[in-house]
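Enquirer: Handing you a structure now.
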Amino acid sequence: MARSPDQTDTLLQIGFAALLIAGIVAPLVAYPTFLMKLLCFALFACAFNLLLGFTGLLSFGHAAFFGGAGYVCGFVVKEWGWTPELGVLAGTAVAALLGFAFGSLAIRRSGIYFAMITLALAQMVYFLALQLPFTGGEDGLQGVPRGYLFGLIDLSDNMAMYYFVFLLFVAGFALILRTIHSPFGQVLKAIRENEPRALSLGYDVDRYKLLAFVISAGLTGMAGATKTLVFQLASLTDVHWHTSGEVVLMTLLGGLGTALGPVVGAGIVVTLQNELADKVGSWVSVIMGVIFVICVLAFRRGIVGEMQALGKRLGISE
Amino acid sequence: MADDTILETRGLAKSFRGFVAVSDVSLKVRRGAIHALIGPNGAGKTTVFNLLTGFLQPSAGAILFNGSDITGDKPAQTARRGMVRSFQISATFPHLTVLENVRVALQRKRGDSFRFWRSERVLDSLNERAMQLLAAVDLAQFAATVTVEMPYGRKRALELATTLALDPELMLLDEPTQGMGHEDVGRVVELIRRVAANRTILMVEHNMSVVADLCHTITVLQRGAVLAEGSYAEVSRDPAVLEAYVGTAND
């Protein structure tokens with residue numbers, strides 16, 4: 001037998017503590033803006049993974065929540081002068097509501113049809129972002145002030161901004177972890193494993209899926225709204241379907257259905273994009289494509305998934 | 001409600017784009033009985049199960065459970081009424097542990113299954129009951145095993161324990177001994193006899209010795225309609241039934 005659950009718990013706790021410390025000291029050694037971007041995408045991928053990895057629903061429209069929340073946050077902060085935390089809250093709330101609307105429509109179908117409905121709805125949001133007067137069209141919503149957190153802490157200081165983003169990430173990640181390990185999470189896993197059986201046990205499967213969808217959309221919105229504050233810009237790129245595809249890549253690369261996989265996947269993708277953008281230009285897309293193919297063909301469990309499988313094998317042979 | 005009949009169907013029919021899978025099935029299942037549904041392949045047995053449990057909507061006819069009409073019910077609703085089914089292929093949650101499989105079934109009645117902010121440790125209070133159910137199907141020592149790693153026969157036993165966790169009034173078993181070795185069949189038959197003590201069972205079964213051994217009433221379906229009904233002794237002497245079975249055997 002492998003490790004007992006208690007030992008696994010201890011290992012996980014040590015791992016999380018190490019990550020927490022790494023997150024606290026990281027801006028002293030690396031460029032804070034890069035780290036903030038990374039954290040935003042990591043939270044996005046984790047929220048997405050709650051749906052794909054733990055409920056078995058492939059949404060291809062998550063850019064609508066990510067980018068849409070960015071516009072909402074940018075607008076209320078810039079035009080209405082809201083404080084940054086209220087801006088993030090507004091983005092999260094609108095994304096969750098949008099998630100409720102999308103989810104209610106899409107959840108009646110499954111598999112590829114579900115993915116296509118979410119994609120179509122997200123394209124509508126993209127169209128709105130392009131056409132509505134307040135979004136700035138092709139230019140995006142520019143010059144969003146970072147403002148003062150609770151009206152007190154000046155976020156134009158990159159370090160202050162970093163710790164605000166880090167705090168939001170930790171809170172979002174903790175909520176996802178708790179959701180996975182809750183009575184609700186148990187039912188989600190049951191649905192992912194065998195939906196007809198969950199139905200035959202008396203669970204209204206669609207209502208569970210919808211709640212998972214709303215949580216995922218809300219946290220995705222939180223990530224998108226935060227990104228808008230970091231870059232002081234809500235851009236059309238974030239509502240584009242490319243972004244919906246990118247988050248699938250991050251999640252699969254890191255490890256579907258693992259807690260830390262999406263963080264690792266987002267780290268790799270964002271780092272590669274940053275490092276390669278000025279060296280190879282638009283070849284970045286080709287390199288990403290190749291990585292995706294290798295990932296799907298050679299290590300389907302993703303990096304963290306493969307490491308866990310390896311650990312399990314070693315654990316058994318010990 | 002002290003009615004003798006727990007489940008009744010009247011003129012149940014289902015067609016798929018012109019293909020008639022079930023044409024006219026009127027059944028009465030007596031409370032407390034073990035009732036078998038048999039018939040050659042393609043007779044519509046599994047379709048009847050899907051109709052009864054709301055996985056399919058009938059084209060015509062009515063279904064009454066404990067006297068109330070449940071014809072339009074959704075699958076989850078029929079389960080909450082006390083009619084729980086198993087599936088032809090083993091229906092477990094493969095990557096959950098054996099204990100978790102049973103616990104998911106027990107969990108629903110707690111009514112906190114939407115609480116995503118609570119720790120799953122609150123479910124530990126169900127472990128004792130789950131272990132009792134596992135012990136009843138001789139799976140107690142496998143509680144921590146991930147289900148996918150168990151042999152087929154054990155999975156079927158687990159499925160039975162999961163169904164029992166809901167304490168259903170009426171259990172629908174779709175070929176509970178299908179694909180099992182000889183000794184496993186004997187074990188499952190004993191198990192079904194044991195759990196049938198205070199409930200009703202309707203089962204689809206191909207193994208005639210199992211049917212003869214267990215069931216009080218047998219309904220024979222052929223081409224989507226009821227061909228004969230009665231005890232094993234009656235049905236097995238019925239010339240129409242003999243012809244249906246021998247006829248298909250000689251094809």
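By convention in this document, the chains of the structure tokens carry letters A, B, ... by their order, each chain's residues are numbered from 1, and ligands are numbered from 1 in the order they are shown.
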Wanna dump the chain B-chain A contacts at 8 Å for me, each residue with its shortest atom pair and the distance in Å to one decimal, counting only C-alpha atoms, ordered by chain and number, as CSV?

Expert:
residue,atom,partner,partner_atom,distance
B:Thr53,CA,A:Ser200,CA,8.0
B:Pro75,CA,A:Leu199,CA,6.0
B:Ala76,CA,A:Gly202,CA,3.9
B:Gln77,CA,A:Gly202,CA,6.3
B:Thr78,CA,A:Gly202,CA,7.4
B:Ala79,CA,A:Gly202,CA,4.7
B:Arg80,CA,A:Gly202,CA,5.4
B:Val84,CA,A:Ser200,CA,6.3
B:Arg85,CA,A:Ser200,CA,6.4
B:Ser86,CA,A:Ser200,CA,7.9
B:Ala91,CA,A:Arg197,CA,6.2
B:Thr92,CA,A:Asn194,CA,7.1
B:Phe93,CA,A:Glu193,CA,5.2
B:Pro94,CA,A:Glu193,CA,6.5
B:His95,CA,A:Glu193,CA,7.1
B:Leu96,CA,A:Ala190,CA,7.8
B:Val104,CA,A:Val187,CA,6.7
B:Ala105,CA,A:Leu201,CA,6.1
B:Gln107,CA,A:Pro183,CA,7.8
B:Arg108,CA,A:Tyr203,CA,7.3
B:Asp112,CA,A:Pro183,CA,7.0
B:Ser113,CA,A:Phe184,CA,4.8
B:Phe114,CA,A:Phe184,CA,4.9
B:Arg115,CA,A:Phe184,CA,5.6
B:Phe116,CA,A:Thr179,CA,4.6
B:Trp117,CA,A:Thr179,CA,6.0
B:Arg118,CA,A:Ser182,CA,5.3
B:Ser119,CA,A:Ser182,CA,4.7
B:Glu120,CA,A:Ser182,CA,4.1
B:Arg121,CA,A:Ser182,CA,7.8
B:Val122,CA,A:Pro183,CA,7.8
B:Leu123,CA,A:Pro183,CA,7.0
B:Thr163,CA,A:Leu201,CA,7.5
B:Leu166,CA,A:Leu201,CA,7.5

Enquirer: Suppose we keep N, CA and C atoms; can you now write the selection as a compact mmCIF listing (two decimals), in the first residue's frame?

Expert:
# COMPACT_ATOMS: atom_id res chain seq x y z
N THR B 53 -37.25 4.32 -14.14
CA THR B 53 -36.42 5.20 -13.31
C THR B 53 -36.24 6.58 -13.94
N PRO B 75 -34.82 11.11 -13.10
CA PRO B 75 -34.12 10.01 -12.40
C PRO B 75 -33.86 10.28 -10.93
N ALA B 76 -33.37 11.49 -10.62
CA ALA B 76 -33.03 11.77 -9.23
C ALA B 76 -34.29 11.75 -8.35
N GLN B 77 -35.43 12.17 -8.92
CA GLN B 77 -36.68 12.17 -8.16
C GLN B 77 -37.12 10.74 -7.81
N THR B 78 -37.05 9.85 -8.80
CA THR B 78 -37.47 8.47 -8.51
C THR B 78 -36.60 7.87 -7.41
N ALA B 79 -35.31 8.24 -7.44
CA ALA B 79 -34.42 7.71 -6.41
C ALA B 79 -34.84 8.22 -5.04
N ARG B 80 -35.23 9.50 -4.97
CA ARG B 80 -35.61 10.06 -3.67
C ARG B 80 -36.94 9.51 -3.17
N VAL B 84 -34.55 2.67 -6.28
CA VAL B 84 -33.16 2.86 -6.67
C VAL B 84 -32.71 1.72 -7.56
N ARG B 85 -32.03 2.06 -8.62
CA ARG B 85 -31.63 1.06 -9.60
C ARG B 85 -30.13 0.78 -9.57
N SER B 86 -29.76 -0.36 -10.09
CA SER B 86 -28.36 -0.61 -10.43
C SER B 86 -28.29 -0.69 -11.95
N ALA B 91 -21.72 -0.15 -11.92
CA ALA B 91 -21.79 1.30 -11.75
C ALA B 91 -21.19 1.71 -10.42
N THR B 92 -19.88 1.93 -10.43
CA THR B 92 -19.22 2.43 -9.23
C THR B 92 -18.58 3.75 -9.59
N PHE B 93 -17.97 4.39 -8.59
CA PHE B 93 -17.18 5.59 -8.85
C PHE B 93 -15.73 5.14 -8.81
N PRO B 94 -15.13 4.85 -9.97
CA PRO B 94 -13.86 4.09 -10.01
C PRO B 94 -12.70 4.71 -9.24
N HIS B 95 -12.57 6.05 -9.24
CA HIS B 95 -11.40 6.63 -8.58
C HIS B 95 -11.68 7.14 -7.17
N LEU B 96 -12.82 6.78 -6.63
CA LEU B 96 -13.05 7.00 -5.21
C LEU B 96 -12.74 5.69 -4.49
N VAL B 104 -20.88 8.41 -0.40
CA VAL B 104 -21.54 9.36 -1.29
C VAL B 104 -23.05 9.10 -1.29
N ALA B 105 -23.41 7.83 -1.24
CA ALA B 105 -24.84 7.49 -1.22
C ALA B 105 -25.47 7.90 0.12
N GLN B 107 -24.46 10.22 2.06
CA GLN B 107 -24.30 11.67 2.26
C GLN B 107 -25.55 12.46 1.91
N ARG B 108 -26.29 12.02 0.89
CA ARG B 108 -27.37 12.85 0.37
C ARG B 108 -28.38 13.23 1.43
N ASP B 112 -26.42 18.43 3.36
CA ASP B 112 -25.42 19.50 3.31
C ASP B 112 -24.50 19.35 2.10
N SER B 113 -25.00 18.68 1.08
CA SER B 113 -24.13 18.36 -0.06
C SER B 113 -23.80 19.54 -0.95
N PHE B 114 -24.45 20.69 -0.70
CA PHE B 114 -24.08 21.88 -1.48
C PHE B 114 -23.07 22.75 -0.73
N ARG B 115 -22.72 22.34 0.49
CA ARG B 115 -21.86 23.22 1.30
C ARG B 115 -20.40 23.05 0.91
N PHE B 116 -19.96 23.90 0.00
CA PHE B 116 -18.60 23.77 -0.51
C PHE B 116 -17.59 24.38 0.44
N TRP B 117 -18.08 25.08 1.48
CA TRP B 117 -17.14 25.73 2.41
C TRP B 117 -16.87 24.87 3.64
N ARG B 118 -17.51 23.70 3.73
CA ARG B 118 -17.26 22.85 4.90
C ARG B 118 -16.23 21.78 4.58
N SER B 119 -15.54 21.33 5.60
CA SER B 119 -14.56 20.27 5.40
C SER B 119 -15.26 18.94 5.20
N GLU B 120 -14.66 18.11 4.36
CA GLU B 120 -15.25 16.79 4.14
C GLU B 120 -15.15 15.91 5.39
N ARG B 121 -14.41 16.38 6.37
CA ARG B 121 -14.31 15.59 7.61
C ARG B 121 -15.66 15.43 8.30
N VAL B 122 -16.60 16.35 8.02
CA VAL B 122 -17.92 16.20 8.63
C VAL B 122 -18.56 14.89 8.17
N LEU B 123 -18.07 14.36 7.04
CA LEU B 123 -18.65 13.11 6.53
C LEU B 123 -18.16 11.89 7.29
N THR B 163 -26.23 0.88 -3.30
CA THR B 163 -27.68 0.96 -3.47
C THR B 163 -28.39 0.79 -2.14
N LEU B 166 -29.00 3.68 0.45
CA LEU B 166 -30.17 4.56 0.35
C LEU B 166 -31.40 3.94 1.01

Enquirer: Neighbours of Leu229 (chain A) within 9 Å (only C-alpha atoms; same-chain residues fewer than 4 positions away dropped), as a list in words?

Expert: Gly70, Cys73, Gly74, Val77, Pro84, Gly87, Val88, Val144, Pro145, Arg146, Gly147, Met161, Gly224, Ala225, Leu233 and Ala234 of chain A

Enquirer: Report as a tab-separated table: every residue of region 100-187 of chain B with an atom at most 9 Å from region 40-51 of chain B, its closest pair of atoms, and their distance in Å to one decimal, counting only C-alpha atoms, with rows sorted by chain and ascending residue number.

Expert:
residue	atom	partner	partner_atom	distance
B:Leu172	CA	B:Phe49	CA	7.5
B:Leu173	CA	B:Phe49	CA	8.9
B:Asp174	CA	B:Thr46	CA	7.2

Enquirer: Distance CA of Phe100 (chain A)-CA of Gly218 (chain A), one decimal place?

Expert: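 So the answer is 9.4 Å.
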
Enquirer: What does the distance between CA of Gly302 (chain A) and CA of Gly99 (chain A) come to in Å, to one decimal place?

Expert: 27.0 Å

Enquirer: Got a sec: who's within 8 Å of region 152-158 of chain B, counting only C-alpha atoms, leaving out chain neighbours fewer than 2 positions off, as a PyMOL selection string?

Expert: chain B and resi 90-92+98+101-102+134+137+139+147+150+160-162+176+180-181+184+188

Enquirer: Those same residues, written as an mmCIF file, in the first residue's frame with N, CA, C and O atoms?

Expert:
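So the final result, stored in result14.cif, reads:
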data_model
loop_
_atom_site.group_PDB
_atom_site.id
_atom_site.type_symbol
_atom_site.label_atom_id
_atom_site.label_comp_id
_atom_site.auth_asym_id
_atom_site.auth_seq_id
_atom_site.Cartn_x
_atom_site.Cartn_y
_atom_site.Cartn_z
ATOM 1 N N SER B 90 -21.157 -2.564 -14.335
ATOM 2 C CA SER B 90 -20.988 -2.211 -12.936
ATOM 3 C C SER B 90 -20.890 -0.699 -12.773
ATOM 4 O O SER B 90 -20.109 -0.024 -13.448
ATOM 5 N N ALA B 91 -21.723 -0.152 -11.917
ATOM 6 C CA ALA B 91 -21.794 1.296 -11.753
ATOM 7 C C ALA B 91 -21.191 1.707 -10.422
ATOM 8 O O ALA B 91 -21.876 1.771 -9.413
ATOM 9 N N THR B 92 -19.881 1.930 -10.434
ATOM 10 C CA THR B 92 -19.221 2.427 -9.234
ATOM 11 C C THR B 92 -18.584 3.752 -9.590
ATOM 12 O O THR B 92 -18.636 4.187 -10.730
ATOM 13 N N VAL B 98 -13.433 2.568 -1.876
ATOM 14 C CA VAL B 98 -14.620 1.745 -1.651
ATOM 15 C C VAL B 98 -15.514 2.391 -0.584
ATOM 16 O O VAL B 98 -16.729 2.479 -0.741
ATOM 17 N N ASN B 101 -17.323 5.429 -1.968
ATOM 18 C CA ASN B 101 -18.433 5.047 -2.837
ATOM 19 C C ASN B 101 -19.739 4.928 -2.056
ATOM 20 O O ASN B 101 -20.766 5.449 -2.462
ATOM 21 N N VAL B 102 -19.670 4.226 -0.923
ATOM 22 C CA VAL B 102 -20.871 4.025 -0.121
ATOM 23 C C VAL B 102 -21.266 5.327 0.579
ATOM 24 O O VAL B 102 -22.443 5.662 0.698
ATOM 25 N N LEU B 134 -20.532 -2.193 4.125
ATOM 26 C CA LEU B 134 -19.450 -2.918 3.457
ATOM 27 C C LEU B 134 -19.284 -4.302 4.062
ATOM 28 O O LEU B 134 -19.055 -5.284 3.347
ATOM 29 N N VAL B 137 -21.543 -6.911 2.694
ATOM 30 C CA VAL B 137 -21.218 -7.516 1.398
ATOM 31 C C VAL B 137 -19.770 -8.033 1.374
ATOM 32 O O VAL B 137 -19.172 -8.197 0.308
ATOM 33 N N LEU B 139 -16.926 -6.650 2.181
ATOM 34 C CA LEU B 139 -15.920 -5.776 1.578
ATOM 35 C C LEU B 139 -15.199 -4.926 2.626
ATOM 36 O O LEU B 139 -14.413 -4.057 2.271
ATOM 37 N N THR B 147 -11.477 1.959 -5.897
ATOM 38 C CA THR B 147 -12.400 0.988 -6.467
ATOM 39 C C THR B 147 -11.915 0.350 -7.764
ATOM 40 O O THR B 147 -12.112 -0.850 -7.989
ATOM 41 N N MET B 150 -10.245 -3.112 -7.867
ATOM 42 C CA MET B 150 -10.882 -4.347 -7.399
ATOM 43 C C MET B 150 -11.360 -5.205 -8.554
ATOM 44 O O MET B 150 -11.679 -4.697 -9.625
ATOM 45 N N LEU B 160 -23.998 -3.017 -4.941
ATOM 46 C CA LEU B 160 -25.151 -3.415 -4.138
ATOM 47 C C LEU B 160 -25.142 -2.688 -2.790
ATOM 48 O O LEU B 160 -26.178 -2.191 -2.328
ATOM 49 N N ALA B 161 -23.964 -2.596 -2.188
ATOM 50 C CA ALA B 161 -23.853 -1.911 -0.896
ATOM 51 C C ALA B 161 -24.219 -0.437 -1.039
ATOM 52 O O ALA B 161 -24.873 0.148 -0.173
ATOM 53 N N THR B 162 -23.794 0.172 -2.164
ATOM 54 C CA THR B 162 -24.092 1.587 -2.407
ATOM 55 C C THR B 162 -25.599 1.788 -2.557
ATOM 56 O O THR B 162 -26.182 2.725 -2.015
ATOM 57 N N PRO B 176 -27.738 -8.594 -12.014
ATOM 58 C CA PRO B 176 -26.743 -8.527 -10.937
ATOM 59 C C PRO B 176 -25.653 -9.591 -11.019
ATOM 60 O O PRO B 176 -24.581 -9.387 -10.462
ATOM 61 N N MET B 180 -20.207 -12.949 -14.057
ATOM 62 C CA MET B 180 -19.574 -13.414 -12.820
ATOM 63 C C MET B 180 -19.211 -14.885 -12.888
ATOM 64 O O MET B 180 -19.879 -15.671 -13.553
ATOM 65 N N GLY B 181 -18.168 -15.242 -12.151
ATOM 66 C CA GLY B 181 -17.805 -16.638 -12.021
ATOM 67 C C GLY B 181 -18.791 -17.353 -11.107
ATOM 68 O O GLY B 181 -19.601 -16.715 -10.422
ATOM 69 N N ASP B 184 -18.943 -16.484 -7.334
ATOM 70 C CA ASP B 184 -19.450 -15.128 -7.130
ATOM 71 C C ASP B 184 -20.964 -15.106 -7.257
ATOM 72 O O ASP B 184 -21.656 -14.429 -6.499
ATOM 73 N N VAL B 188 -23.651 -13.620 -4.567
ATOM 74 C CA VAL B 188 -24.590 -12.533 -4.838
ATOM 75 C C VAL B 188 -26.030 -12.983 -4.591
ATOM 76 O O VAL B 188 -26.843 -12.231 -4.054
#

Enquirer: Quick one: pick out all helix (DSSP H, G or I) residues within region 91-187 of chain A from a backbone DSSP run and write them as a PyMOL selection string.

Expert: chain A and resi 91-106+112-131+133-135+137-139+158-180+183-187

Enquirer: Mind listing the strand (DSSP E or B) residues of region 3-195 of chain B, per DSSP on the backbone, as a PDB file with C-alpha atoms, in the first residue's frame?

Expert:
ATOM      1  CA  THR B   5     -48.817  -3.384  -5.070  1.00  0.00           C
ATOM      2  CA  ILE B   6     -45.706  -1.235  -4.801  1.00  0.00           C
ATOM      3  CA  LEU B   7     -45.159  -0.642  -8.484  1.00  0.00           C
ATOM      4  CA  GLU B   8     -47.569  -0.785 -11.374  1.00  0.00           C
ATOM      5  CA  THR B   9     -47.248   0.047 -15.047  1.00  0.00           C
ATOM      6  CA  ARG B  10     -50.171   0.478 -17.400  1.00  0.00           C
ATOM      7  CA  GLY B  11     -49.707   0.055 -21.125  1.00  0.00           C
ATOM      8  CA  LEU B  12     -46.117   1.288 -20.994  1.00  0.00           C
ATOM      9  CA  ALA B  13     -44.656   1.920 -24.464  1.00  0.00           C
ATOM     10  CA  LYS B  14     -41.499   3.414 -25.896  1.00  0.00           C
ATOM     11  CA  SER B  15     -40.476   3.840 -29.476  1.00  0.00           C
ATOM     12  CA  PHE B  16     -37.301   5.345 -30.871  1.00  0.00           C
ATOM     13  CA  PHE B  19     -38.513   1.388 -33.729  1.00  0.00           C
ATOM     14  CA  VAL B  20     -40.769   0.028 -31.023  1.00  0.00           C
ATOM     15  CA  ALA B  21     -38.615  -1.112 -28.105  1.00  0.00           C
ATOM     16  CA  VAL B  22     -41.471  -1.536 -25.647  1.00  0.00           C
ATOM     17  CA  SER B  23     -45.009  -1.792 -27.000  1.00  0.00           C
ATOM     18  CA  ASP B  24     -47.393  -2.623 -24.183  1.00  0.00           C
ATOM     19  CA  VAL B  25     -46.095  -3.551 -20.764  1.00  0.00           C
ATOM     20  CA  SER B  26     -48.498  -3.747 -17.852  1.00  0.00           C
ATOM     21  CA  LEU B  27     -46.848  -5.017 -14.709  1.00  0.00           C
ATOM     22  CA  LYS B  28     -47.737  -5.295 -11.071  1.00  0.00           C
ATOM     23  CA  VAL B  29     -44.967  -5.795  -8.569  1.00  0.00           C
ATOM     24  CA  ARG B  30     -46.162  -7.084  -5.218  1.00  0.00           C
ATOM     25  CA  ILE B  34     -38.544 -10.679  -5.596  1.00  0.00           C
ATOM     26  CA  HIS B  35     -39.836 -10.194  -9.096  1.00  0.00           C
ATOM     27  CA  ALA B  36     -37.866 -11.167 -12.200  1.00  0.00           C
ATOM     28  CA  LEU B  37     -38.065  -9.697 -15.649  1.00  0.00           C
ATOM     29  CA  ILE B  38     -36.745 -12.150 -18.210  1.00  0.00           C
ATOM     30  CA  ALA B  60     -47.350   6.106 -23.821  1.00  0.00           C
ATOM     31  CA  GLY B  61     -48.633   4.548 -20.616  1.00  0.00           C
ATOM     32  CA  ALA B  62     -48.326   5.297 -16.928  1.00  0.00           C
ATOM     33  CA  ILE B  63     -46.119   4.279 -14.010  1.00  0.00           C
ATOM     34  CA  LEU B  64     -47.480   4.175 -10.474  1.00  0.00           C
ATOM     35  CA  PHE B  65     -45.260   3.868  -7.438  1.00  0.00           C
ATOM     36  CA  SER B  68     -48.976   7.818  -7.090  1.00  0.00           C
ATOM     37  CA  ASP B  69     -48.260   8.604 -10.704  1.00  0.00           C
ATOM     38  CA  MET B  83     -36.864   3.353  -6.019  1.00  0.00           C
ATOM     39  CA  VAL B  84     -33.165   2.860  -6.673  1.00  0.00           C
ATOM     40  CA  ARG B  85     -31.633   1.055  -9.597  1.00  0.00           C
ATOM     41  CA  THR B  97     -12.211   4.552  -2.468  1.00  0.00           C
ATOM     42  CA  VAL B 146      -9.430   2.621  -4.778  1.00  0.00           C
ATOM     43  CA  LEU B 170     -37.817  -0.959  -4.201  1.00  0.00           C
ATOM     44  CA  MET B 171     -34.518  -2.046  -5.667  1.00  0.00           C
ATOM     45  CA  LEU B 172     -34.159  -2.489  -9.410  1.00  0.00           C
ATOM     46  CA  LEU B 173     -31.241  -4.754 -10.261  1.00  0.00           C
ATOM     47  CA  ASP B 174     -30.136  -4.986 -13.868  1.00  0.00           C
TER      48      ASP B 174
END

Enquirer: Give the answer as one residue: which of A:Phe231, A:Phe213, A:Phe166, A:Phe134 has the shortest atom-to-atom distance to Gly61 (chain A), using only C-alpha atoms?

Expert: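 Of A:Phe231, A:Phe213, A:Phe166, A:Phe134, the one nearest Gly61 (chain A) is A:Phe213, counting only C-alpha atoms.
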
Enquirer: Do you have the CA of Met36 (chain A)-CA of Met222 (chain A) distance handy?

Expert: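 Straight-line distance from CA of Met36 (chain A) to CA of Met222 (chain A) works out to 13.2 Å.
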
Enquirer: Within 10 Å of region 272-288 of chain A, counting only C-alpha atoms, which residues qualify if same-chain residues fewer than 5 places away don't, as a CSV table (one decimal) with all heavy atoms, in the first residue's frame?

Expert:
chain,number,residue,atom,x,y,z
A,34,PHE,N,6.0,40.6,-13.4
A,34,PHE,CA,5.9,39.3,-13.9
A,34,PHE,C,5.2,38.3,-13.0
A,34,PHE,O,4.4,37.5,-13.4
A,34,PHE,CB,7.3,38.8,-14.3
A,34,PHE,CG,7.4,37.3,-14.5
A,34,PHE,CD1,6.9,36.8,-15.7
A,34,PHE,CD2,8.0,36.5,-13.6
A,34,PHE,CE1,7.0,35.4,-15.9
A,34,PHE,CE2,8.1,35.1,-13.8
A,34,PHE,CZ,7.6,34.6,-15.0
A,246,GLU,N,-5.8,29.0,-24.0
A,246,GLU,CA,-4.6,29.0,-23.2
A,246,GLU,C,-4.7,28.4,-21.8
A,246,GLU,O,-3.9,27.6,-21.3
A,246,GLU,CB,-4.1,30.4,-23.0
A,246,GLU,CG,-2.7,30.7,-23.3
A,246,GLU,CD,-2.4,32.1,-23.5
A,246,GLU,OE1,-2.6,32.9,-22.5
A,246,GLU,OE2,-2.0,32.5,-24.6
A,249,LEU,N,-4.6,24.7,-22.0
A,249,LEU,CA,-3.2,24.3,-22.1
A,249,LEU,C,-2.5,24.3,-20.7
A,249,LEU,O,-1.9,23.3,-20.4
A,249,LEU,CB,-2.5,25.2,-23.1
A,249,LEU,CG,-0.9,25.0,-23.2
A,249,LEU,CD1,-0.5,23.6,-23.7
A,249,LEU,CD2,-0.3,26.1,-24.0
A,266,ALA,N,0.5,27.2,-15.4
A,266,ALA,CA,0.4,28.6,-15.7
A,266,ALA,C,1.8,29.2,-15.6
A,266,ALA,O,2.2,30.0,-16.4
A,266,ALA,CB,-0.5,29.3,-14.7
A,267,GLY,N,2.6,28.7,-14.6
A,267,GLY,CA,4.0,29.2,-14.4
A,267,GLY,C,4.8,29.0,-15.7
A,267,GLY,O,5.4,29.9,-16.2
A,293,VAL,N,1.1,19.4,-27.9
A,293,VAL,CA,1.1,18.1,-28.6
A,293,VAL,C,1.9,17.1,-27.8
A,293,VAL,O,1.5,15.9,-27.5
A,293,VAL,CB,1.5,18.2,-30.0
A,293,VAL,CG1,1.7,16.8,-30.6
A,293,VAL,CG2,0.5,19.0,-30.9
A,294,ILE,N,3.1,17.5,-27.4
A,294,ILE,CA,4.0,16.6,-26.6
A,294,ILE,C,3.3,16.2,-25.3
A,294,ILE,O,3.3,15.0,-24.9
A,294,ILE,CB,5.3,17.3,-26.3
A,294,ILE,CG1,6.1,17.5,-27.7
A,294,ILE,CG2,6.2,16.5,-25.4
A,294,ILE,CD1,7.4,18.3,-27.5

Enquirer: When you look at Thr118 (chain A) with a cut-off of 8 Å (counting only C-alpha atoms), what residues show up, excluding the ones that are within fewer than 6 positions of it in the same chain? I need them as an MDAnalysis selection string.

Expert: chainID A and resid 59:62 102 106

Enquirer: With all heavy atoms kept, could you save the residues just selected as an mmCIF file, in the first residue's frame?

Expert:
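Output saved as out-v2.cif:
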data_model
loop_
_atom_site.group_PDB
_atom_site.id
_atom_site.type_symbol
_atom_site.label_atom_id
_atom_site.label_comp_id
_atom_site.auth_asym_id
_atom_site.auth_seq_id
_atom_site.Cartn_x
_atom_site.Cartn_y
_atom_site.Cartn_z
ATOM 1 N N SER A 59 -15.229 23.792 -20.329
ATOM 2 C CA SER A 59 -15.769 25.067 -20.799
ATOM 3 C C SER A 59 -14.765 25.675 -21.758
ATOM 4 O O SER A 59 -13.568 25.674 -21.504
ATOM 5 C CB SER A 59 -15.975 26.009 -19.609
ATOM 6 O OG SER A 59 -15.980 27.354 -20.056
ATOM 7 N N PHE A 60 -15.264 26.177 -22.872
ATOM 8 C CA PHE A 60 -14.371 26.837 -23.804
ATOM 9 C C PHE A 60 -14.721 28.318 -23.877
ATOM 10 O O PHE A 60 -14.502 28.969 -24.881
ATOM 11 C CB PHE A 60 -14.448 26.171 -25.180
ATOM 12 C CG PHE A 60 -13.172 26.263 -25.941
ATOM 13 C CD1 PHE A 60 -12.075 25.499 -25.562
ATOM 14 C CD2 PHE A 60 -13.035 27.130 -26.999
ATOM 15 C CE1 PHE A 60 -10.878 25.602 -26.238
ATOM 16 C CE2 PHE A 60 -11.834 27.240 -27.682
ATOM 17 C CZ PHE A 60 -10.758 26.482 -27.305
ATOM 18 N N GLY A 61 -15.260 28.820 -22.781
ATOM 19 C CA GLY A 61 -15.667 30.225 -22.784
ATOM 20 C C GLY A 61 -15.213 30.985 -21.559
ATOM 21 O O GLY A 61 -15.770 32.022 -21.224
ATOM 22 N N HIS A 62 -14.187 30.456 -20.882
ATOM 23 C CA HIS A 62 -13.797 31.099 -19.631
ATOM 24 C C HIS A 62 -13.168 32.479 -19.829
ATOM 25 O O HIS A 62 -13.087 33.256 -18.878
ATOM 26 C CB HIS A 62 -12.902 30.183 -18.801
ATOM 27 C CG HIS A 62 -13.663 29.482 -17.711
ATOM 28 N ND1 HIS A 62 -14.872 28.868 -17.940
ATOM 29 C CD2 HIS A 62 -13.410 29.321 -16.383
ATOM 30 C CE1 HIS A 62 -15.312 28.368 -16.796
ATOM 31 N NE2 HIS A 62 -14.454 28.625 -15.840
ATOM 32 N N PHE A 102 -24.519 31.675 -18.164
ATOM 33 C CA PHE A 102 -23.898 30.731 -19.109
ATOM 34 C C PHE A 102 -24.178 29.291 -18.667
ATOM 35 O O PHE A 102 -24.570 28.447 -19.465
ATOM 36 C CB PHE A 102 -22.373 30.920 -19.120
ATOM 37 C CG PHE A 102 -21.877 32.031 -19.987
ATOM 38 C CD1 PHE A 102 -22.661 33.148 -20.243
ATOM 39 C CD2 PHE A 102 -20.612 31.964 -20.558
ATOM 40 C CE1 PHE A 102 -22.197 34.178 -21.037
ATOM 41 C CE2 PHE A 102 -20.135 32.990 -21.354
ATOM 42 C CZ PHE A 102 -20.920 34.097 -21.590
ATOM 43 N N ALA A 106 -25.790 26.204 -20.681
ATOM 44 C CA ALA A 106 -24.892 25.193 -21.242
ATOM 45 C C ALA A 106 -25.017 23.834 -20.569
ATOM 46 O O ALA A 106 -24.801 22.797 -21.213
ATOM 47 C CB ALA A 106 -23.452 25.686 -21.147
#
